[in-house]
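Content type mmCIF, C-alpha atoms, from the file input_28.cif:
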data_run
loop_
_atom_site.label_atom_id
_atom_site.label_comp_id
_atom_site.auth_asym_id
_atom_site.auth_seq_id
_atom_site.Cartn_x
_atom_site.Cartn_y
_atom_site.Cartn_z
CA MET X 1 -52.56 29.98 78.69
CA PRO X 2 -52.01 33.67 77.95
CA HIS X 3 -51.35 34.69 74.37
CA GLU X 4 -48.21 36.60 73.44
CA ILE X 5 -48.92 40.10 72.27
CA GLN X 6 -47.20 40.92 68.95
CA ASN X 7 -46.27 44.53 68.34
CA ASP X 8 -46.35 45.40 64.60
CA THR X 9 -45.27 48.95 65.24
CA PRO X 10 -41.85 49.59 63.63
CA THR X 11 -39.07 49.98 66.15
CA GLU X 12 -37.58 53.46 66.07
CA LEU X 13 -33.80 53.70 65.57
CA SER X 14 -31.67 55.43 68.08
CA ALA X 15 -29.63 58.45 67.12
CA ASP X 16 -26.43 56.40 66.98
CA GLU X 17 -28.04 53.72 64.75
CA SER X 18 -29.40 56.33 62.36
CA ALA X 19 -25.98 57.95 62.05
CA LEU X 20 -24.32 54.59 61.39
CA LEU X 21 -26.88 53.72 58.70
CA ARG X 22 -26.28 57.02 56.93
CA GLU X 23 -22.53 56.35 56.82
CA MET X 24 -22.89 52.83 55.23
CA PRO X 25 -22.57 52.67 51.37
CA ALA X 26 -25.53 51.60 49.27
CA LEU X 27 -25.78 47.85 48.49
CA GLY X 28 -25.80 48.56 44.76
CA ASP X 29 -22.50 50.40 45.03
CA VAL X 30 -20.96 47.51 46.94
CA GLY X 31 -21.95 44.94 44.25
CA GLN X 32 -20.79 47.12 41.40
CA ALA X 33 -17.46 47.75 43.06
CA ARG X 34 -16.99 43.98 43.56
CA ARG X 35 -17.77 43.15 39.93
CA THR X 36 -15.45 45.88 38.75
CA PHE X 37 -12.72 44.55 41.00
CA MET X 38 -13.15 40.98 39.71
CA MET X 39 -13.12 42.08 36.06
CA GLN X 40 -10.02 44.18 36.53
CA THR X 41 -8.26 41.35 38.36
CA SER X 42 -9.11 38.78 35.63
CA SER X 43 -8.08 41.11 32.82
CA GLY X 44 -4.84 41.88 34.51
CA GLY X 45 -4.08 38.19 35.06
CA LEU X 46 -4.80 37.26 31.44
CA GLY X 47 -2.77 40.17 30.18
CA LEU X 48 0.20 39.18 32.33
CA PHE X 49 -0.09 35.54 31.17
CA ALA X 50 -0.21 36.57 27.50
CA ALA X 51 2.76 38.87 27.92
CA ASN X 52 4.81 36.11 29.57
CA LEU X 53 3.83 33.63 26.84
CA LEU X 54 4.85 36.00 24.03
CA ALA X 55 8.14 36.71 25.75
CA THR X 56 8.85 32.99 26.13
CA GLU X 57 8.01 32.26 22.47
CA SER X 58 10.18 35.15 21.31
CA ALA X 59 13.10 33.86 23.36
CA LEU X 60 12.68 30.30 22.04
CA ALA X 61 12.50 31.54 18.44
CA GLN X 62 15.89 33.21 18.79
CA LEU X 63 17.61 30.01 19.93
CA PRO X 64 19.66 28.24 17.22
CA PRO X 65 18.19 24.84 16.14
CA LEU X 66 19.85 21.82 17.64
CA PRO X 67 21.42 19.17 15.38
CA GLY X 68 18.84 16.52 14.46
CA ALA X 69 15.91 18.69 15.56
CA ALA X 70 12.38 17.93 14.38
CA SER X 71 12.65 20.64 11.72
CA ALA X 72 15.40 18.73 9.94
CA PRO X 73 14.42 16.69 6.88
CA VAL X 74 13.46 13.07 7.52
CA ILE X 75 16.28 10.73 6.57
CA ALA X 76 15.13 7.50 4.94
CA GLN X 77 16.52 4.26 6.28
CA ASN X 78 17.29 1.10 4.30
CA THR X 79 16.79 3.01 1.07
CA VAL X 80 16.04 0.93 -2.02
CA LYS X 81 15.87 1.92 -5.66
CA VAL X 82 12.74 0.76 -7.44
CA SER X 83 11.88 1.13 -11.13
CA PHE X 84 8.39 0.28 -12.35
CA GLN X 85 5.70 1.34 -14.79
CA VAL X 86 2.97 3.64 -13.48
CA ASN X 87 0.10 4.24 -15.89
CA GLY X 88 2.36 3.49 -18.85
CA ALA X 89 5.29 5.69 -17.75
CA ARG X 90 8.55 4.40 -16.33
CA ARG X 91 9.16 5.78 -12.82
CA THR X 92 12.23 5.28 -10.65
CA LEU X 93 12.10 6.01 -6.93
CA GLU X 94 14.51 5.77 -4.04
CA VAL X 95 12.36 5.02 -1.03
CA ASP X 96 12.58 3.66 2.47
CA SER X 97 12.08 -0.10 2.30
CA ARG X 98 9.02 0.25 4.56
CA VAL X 99 7.14 2.73 2.36
CA VAL X 100 3.88 1.31 1.02
CA LEU X 101 2.70 1.87 -2.53
CA LEU X 102 -0.19 4.11 -1.47
CA ASP X 103 2.15 6.62 0.17
CA ALA X 104 4.57 6.47 -2.76
CA LEU X 105 1.76 7.20 -5.21
CA ARG X 106 0.27 10.07 -3.24
CA GLU X 107 3.37 11.71 -1.75
CA ARG X 108 6.10 10.97 -4.28
CA LEU X 109 4.23 10.76 -7.59
CA ALA X 110 1.30 13.15 -6.84
CA LEU X 111 -1.23 10.51 -7.90
CA THR X 112 -3.86 11.28 -5.27
CA GLY X 113 -6.76 9.41 -6.89
CA SER X 114 -6.05 6.38 -4.74
CA LYS X 115 -7.47 7.20 -1.32
CA LYS X 116 -6.27 6.37 2.16
CA GLY X 117 -9.29 5.17 4.09
CA CYS X 118 -8.68 2.69 6.90
CA ASP X 119 -4.96 2.20 6.09
CA GLN X 120 -5.42 -1.39 7.28
CA GLY X 121 -6.61 -3.20 4.14
CA GLN X 122 -10.25 -3.32 5.19
CA CYS X 123 -12.10 -0.67 3.16
CA GLY X 124 -10.69 -1.05 -0.37
CA ALA X 125 -10.46 2.69 -1.09
CA CYS X 126 -6.78 2.33 -2.04
CA THR X 127 -7.27 -0.49 -4.57
CA VAL X 128 -5.03 -0.32 -7.67
CA LEU X 129 -4.01 -2.82 -10.35
CA ILE X 130 -0.59 -4.46 -10.44
CA ASP X 131 0.02 -6.43 -13.63
CA GLY X 132 -3.78 -6.46 -14.06
CA GLN X 133 -4.46 -7.89 -10.60
CA ARG X 134 -6.28 -5.79 -8.04
CA VAL X 135 -4.30 -5.18 -4.84
CA LEU X 136 -4.57 -3.03 -1.73
CA SER X 137 -1.87 -0.41 -2.13
CA CYS X 138 -1.85 0.39 1.60
CA LEU X 139 -0.54 -3.13 2.27
CA THR X 140 1.86 -3.40 -0.69
CA LEU X 141 5.49 -2.46 -0.18
CA THR X 142 6.90 -0.28 -2.95
CA ALA X 143 10.19 -2.18 -2.74
CA THR X 144 8.48 -5.31 -4.12
CA LEU X 145 7.37 -3.66 -7.38
CA ASP X 146 10.61 -3.50 -9.35
CA GLY X 147 9.79 -4.27 -12.98
CA ARG X 148 6.04 -4.45 -12.32
CA GLU X 149 3.24 -2.45 -13.96
CA VAL X 150 0.94 -0.35 -11.77
CA THR X 151 -2.36 1.10 -12.98
CA THR X 152 -4.24 3.63 -10.87
CA ILE X 153 -7.57 5.35 -11.44
CA GLU X 154 -5.69 8.10 -13.32
CA GLY X 155 -4.45 5.55 -15.88
CA LEU X 156 -7.75 3.89 -16.84
CA ALA X 157 -9.00 6.57 -19.22
CA LYS X 158 -7.47 7.03 -22.68
CA GLY X 159 -7.05 10.77 -22.88
CA GLU X 160 -10.56 12.26 -22.80
CA GLN X 161 -12.13 8.85 -23.40
CA LEU X 162 -13.33 7.36 -20.13
CA HIS X 163 -12.88 3.71 -19.35
CA PRO X 164 -16.23 1.86 -19.81
CA MET X 165 -16.36 1.22 -16.07
CA GLN X 166 -15.90 4.90 -15.28
CA ALA X 167 -18.68 5.85 -17.71
CA ALA X 168 -20.99 3.20 -16.26
CA PHE X 169 -20.42 4.44 -12.69
CA ILE X 170 -21.43 7.93 -13.80
CA LYS X 171 -24.45 6.65 -15.69
CA HIS X 172 -25.79 4.55 -12.80
CA ASP X 173 -24.87 6.93 -9.97
CA GLY X 174 -22.44 4.42 -8.53
CA PHE X 175 -21.08 6.96 -6.06
CA GLN X 176 -22.17 9.74 -3.73
CA CYS X 177 -19.33 11.35 -1.81
CA GLY X 178 -16.86 9.74 -4.24
CA TYR X 179 -14.16 8.91 -1.69
CA CYS X 180 -14.30 5.15 -2.30
CA THR X 181 -15.05 5.42 -6.03
CA SER X 182 -11.50 5.16 -7.37
CA GLY X 183 -10.97 1.95 -5.39
CA GLN X 184 -14.39 0.63 -6.42
CA ILE X 185 -13.69 1.17 -10.12
CA CYS X 186 -10.18 -0.32 -10.03
CA SER X 187 -11.50 -3.28 -8.07
CA ALA X 188 -14.36 -3.77 -10.56
CA VAL X 189 -11.96 -3.76 -13.51
CA GLY X 190 -9.70 -6.28 -11.79
CA MET X 191 -12.66 -8.40 -10.73
CA LEU X 192 -13.95 -8.76 -14.30
CA GLY X 193 -10.48 -9.88 -15.34
CA GLU X 194 -10.56 -12.54 -12.64
CA ALA X 195 -13.92 -13.78 -13.88
CA GLN X 196 -12.64 -13.98 -17.45
CA ARG X 197 -9.77 -16.14 -16.21
CA GLY X 198 -12.28 -18.50 -14.60
CA GLN X 199 -11.55 -17.71 -10.98
CA VAL X 200 -14.39 -18.74 -8.67
CA SER X 201 -15.88 -17.07 -5.60
CA HIS X 202 -17.61 -18.26 -2.44
CA VAL X 203 -21.02 -18.10 -4.12
CA THR X 204 -20.07 -19.89 -7.34
CA GLU X 205 -22.60 -22.73 -7.66
CA ASN X 206 -20.50 -25.10 -9.76
CA VAL X 207 -16.75 -24.62 -9.38
CA GLY X 208 -16.10 -27.35 -11.92
CA LYS X 209 -17.97 -25.57 -14.69
CA MET X 210 -16.01 -22.95 -16.61
CA THR X 211 -18.20 -19.86 -16.88
CA THR X 212 -17.62 -16.15 -16.97
CA ARG X 213 -21.27 -15.24 -16.53
CA LEU X 214 -21.71 -13.23 -13.36
CA THR X 215 -24.97 -12.82 -11.50
CA ASP X 216 -25.66 -9.86 -9.24
CA GLU X 217 -24.92 -12.10 -6.27
CA GLU X 218 -21.54 -13.02 -7.77
CA ILE X 219 -20.71 -9.35 -8.29
CA LYS X 220 -21.71 -8.46 -4.73
CA GLU X 221 -19.57 -11.25 -3.30
CA ARG X 222 -16.56 -10.45 -5.45
CA MET X 223 -16.81 -6.74 -4.60
CA SER X 224 -17.39 -7.26 -0.89
CA GLY X 225 -13.90 -6.04 -0.04
CA ASN X 226 -14.79 -2.52 -1.19
CA ILE X 227 -16.91 -0.60 1.31
CA CYS X 228 -19.15 2.32 0.34
CA ARG X 229 -20.21 4.19 3.45
CA CYS X 230 -22.76 6.17 1.44
CA GLY X 231 -24.54 2.93 0.46
CA ALA X 232 -24.42 3.34 -3.34
CA TYR X 233 -24.25 -0.42 -3.83
CA PRO X 234 -27.26 -0.78 -6.22
CA GLY X 235 -25.66 1.66 -8.64
CA ILE X 236 -22.29 -0.02 -8.32
CA VAL X 237 -23.72 -3.46 -9.09
CA ALA X 238 -25.73 -2.10 -12.02
CA ALA X 239 -22.67 -0.38 -13.49
CA ILE X 240 -20.51 -3.50 -13.22
CA GLN X 241 -23.25 -5.70 -14.64
CA GLU X 242 -23.68 -3.44 -17.67
CA VAL X 243 -19.95 -3.46 -18.44
CA HIS X 244 -19.78 -7.20 -17.85
CA SER X 245 -22.82 -8.24 -19.90
CA GLY X 246 -22.62 -5.59 -22.58
CA ARG X 247 -26.30 -4.73 -22.19
CA GLN X 248 -28.06 -2.02 -20.26
CA ALA X 249 -28.66 -3.04 -16.68
CA ALA X 250 -31.99 -2.25 -15.06
CA GLN X 251 -32.35 -0.95 -11.54
CA THR X 252 -34.19 -3.77 -9.78
CA TRP X 253 -34.14 -2.47 -6.22
CA GLY X 254 -37.20 -1.08 -4.50
CA PHE X 255 -38.54 -0.05 -1.12
CA ALA X 256 -39.33 -2.84 1.32
CA THR X 257 -42.99 -3.53 2.00
CA GLU X 258 -44.52 -3.48 5.47
CA THR X 259 -44.68 -7.28 5.41
CA GLN X 260 -40.98 -7.54 4.57
CA LEU X 261 -40.09 -5.06 7.28
CA ALA X 262 -42.15 -6.94 9.88
CA SER X 263 -40.51 -10.21 8.86
CA ALA X 264 -37.04 -8.66 9.13
CA ARG X 265 -37.81 -7.28 12.60
CA LYS X 266 -39.04 -10.69 13.71
CA GLU X 267 -35.88 -12.40 12.46
CA ASP X 268 -33.74 -9.83 14.26
CA GLY X 269 -35.70 -10.32 17.48
CA HIS X 270 -37.08 -6.76 17.42
CA ALA X 271 -40.70 -7.63 16.77
CA THR X 272 -43.15 -5.47 18.67
CA VAL X 273 -46.09 -6.99 20.52
#
Kindly present the structure from the file in structure tokens form.
Amino acid sequence: MPHEIQNDTPTELSADESALLREMPALGDVGQARRTFMMQTSSGGLGLFAANLLATESALAQLPPLPGAASAPVIAQNTVKVSFQVNGARRTLEVDSRVVLLDALRERLALTGSKKGCDQGQCGACTVLIDGQRVLSCLTLTATLDGREVTTIEGLAKGEQLHPMQAAFIKHDGFQCGYCTSGQICSAVGMLGEAQRGQVSHVTENVGKMTTRLTDEEIKERMSGNICRCGAYPGIVAAIQEVHSGRQAAQTWGFATETQLASARKEDGHATV
């Protein structure tokens, strides 16, 4: 079978082809012109859009506000007048019957120490004391407090003298970010009052025996409604125990050993082979 003969010699251009090639623009010029065209088109489009937007906003700003527009002040419904003690001072408010105590404290009385965390009664950051009892202010209607006495974190200290629980939290590093701390401290104060009145918890061994002695387990159980996302629980328990017992509490926590970690993994079903 005969082989095809390949000719590697460059084919010469005809006179017409050479003339046509000389008249064509360079490829680099074509690309640059295209990019320039695209940039100019985009800039022009954005500029036109911005100009139209500014013109529309200017026209809307010149329109007179409609009656009942969103800029009008919010009108309370079912307004009730409530008079109660807040940190020792008599306060009288006219509020919507649906306003909770947390919002009244923060927005009407400028007492922002009580924090809004979950706003569903699950984290405990909004805990305050009402007549000495700890309550969740995000679930307590202000309208129900007529004649009652409310104590917030701002009312625990006596002037420059900190409440013993506040001083203990500082001493034992019972907080990190501090967001939950006001609720933790108010809850701790209320919890010690409950223990003094003989109220039991789920871990009380003998509910028939009157005792006010709290173990660390009792404190943990009674404070379980207050969540610390930073995990400062050892310091919190130590601070409460020191105030409760009247003696210095020792930090008893430590790092888990390898044996304890392996046992925990096995119980959780994460043991490695």
From atom CA of X:Arg213 to atom CA of X:Leu136 the spacing works out at 25.4 Å
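Here the PyMOL selection byres ((chain X and resi 173) around 10) captures the residues Ala167, Ala168, Phe169, Ile170, Lys171, His172, Gly174, Phe175, Gln176, Ala232, Tyr233, Pro234, Gly235, Ile236, Ala238 and Ala239 of chain X.
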Name the residues in contact with X:Ser201 at a cut-off of 8 Å, using all atoms listed in the file, excluding same-chain residues fewer than 3 positions from it; report them as a list in words.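 Once the adjacent positions are removed, what remains is Thr204, Glu218, Glu221 and Arg222 of chain X.
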Neighbouring residues of X:Asp131 were defined as those with any atom within 10 Å, considering all atoms listed in the file; residues of the same chain fewer than 6 positions away were excluded. Please report them as JSON, numbers by chain. {"X": [85, 148, 149, 150, 151, 190]}
May I have the residues within 8 Å of stretch 109-119 of chain X as a ChimeraX atom specification, using all atoms listed in the file and disregarding those fewer than 5 positions away in the same chain? /X:102,104,124-128,138-139,152-154,179-180,182-183
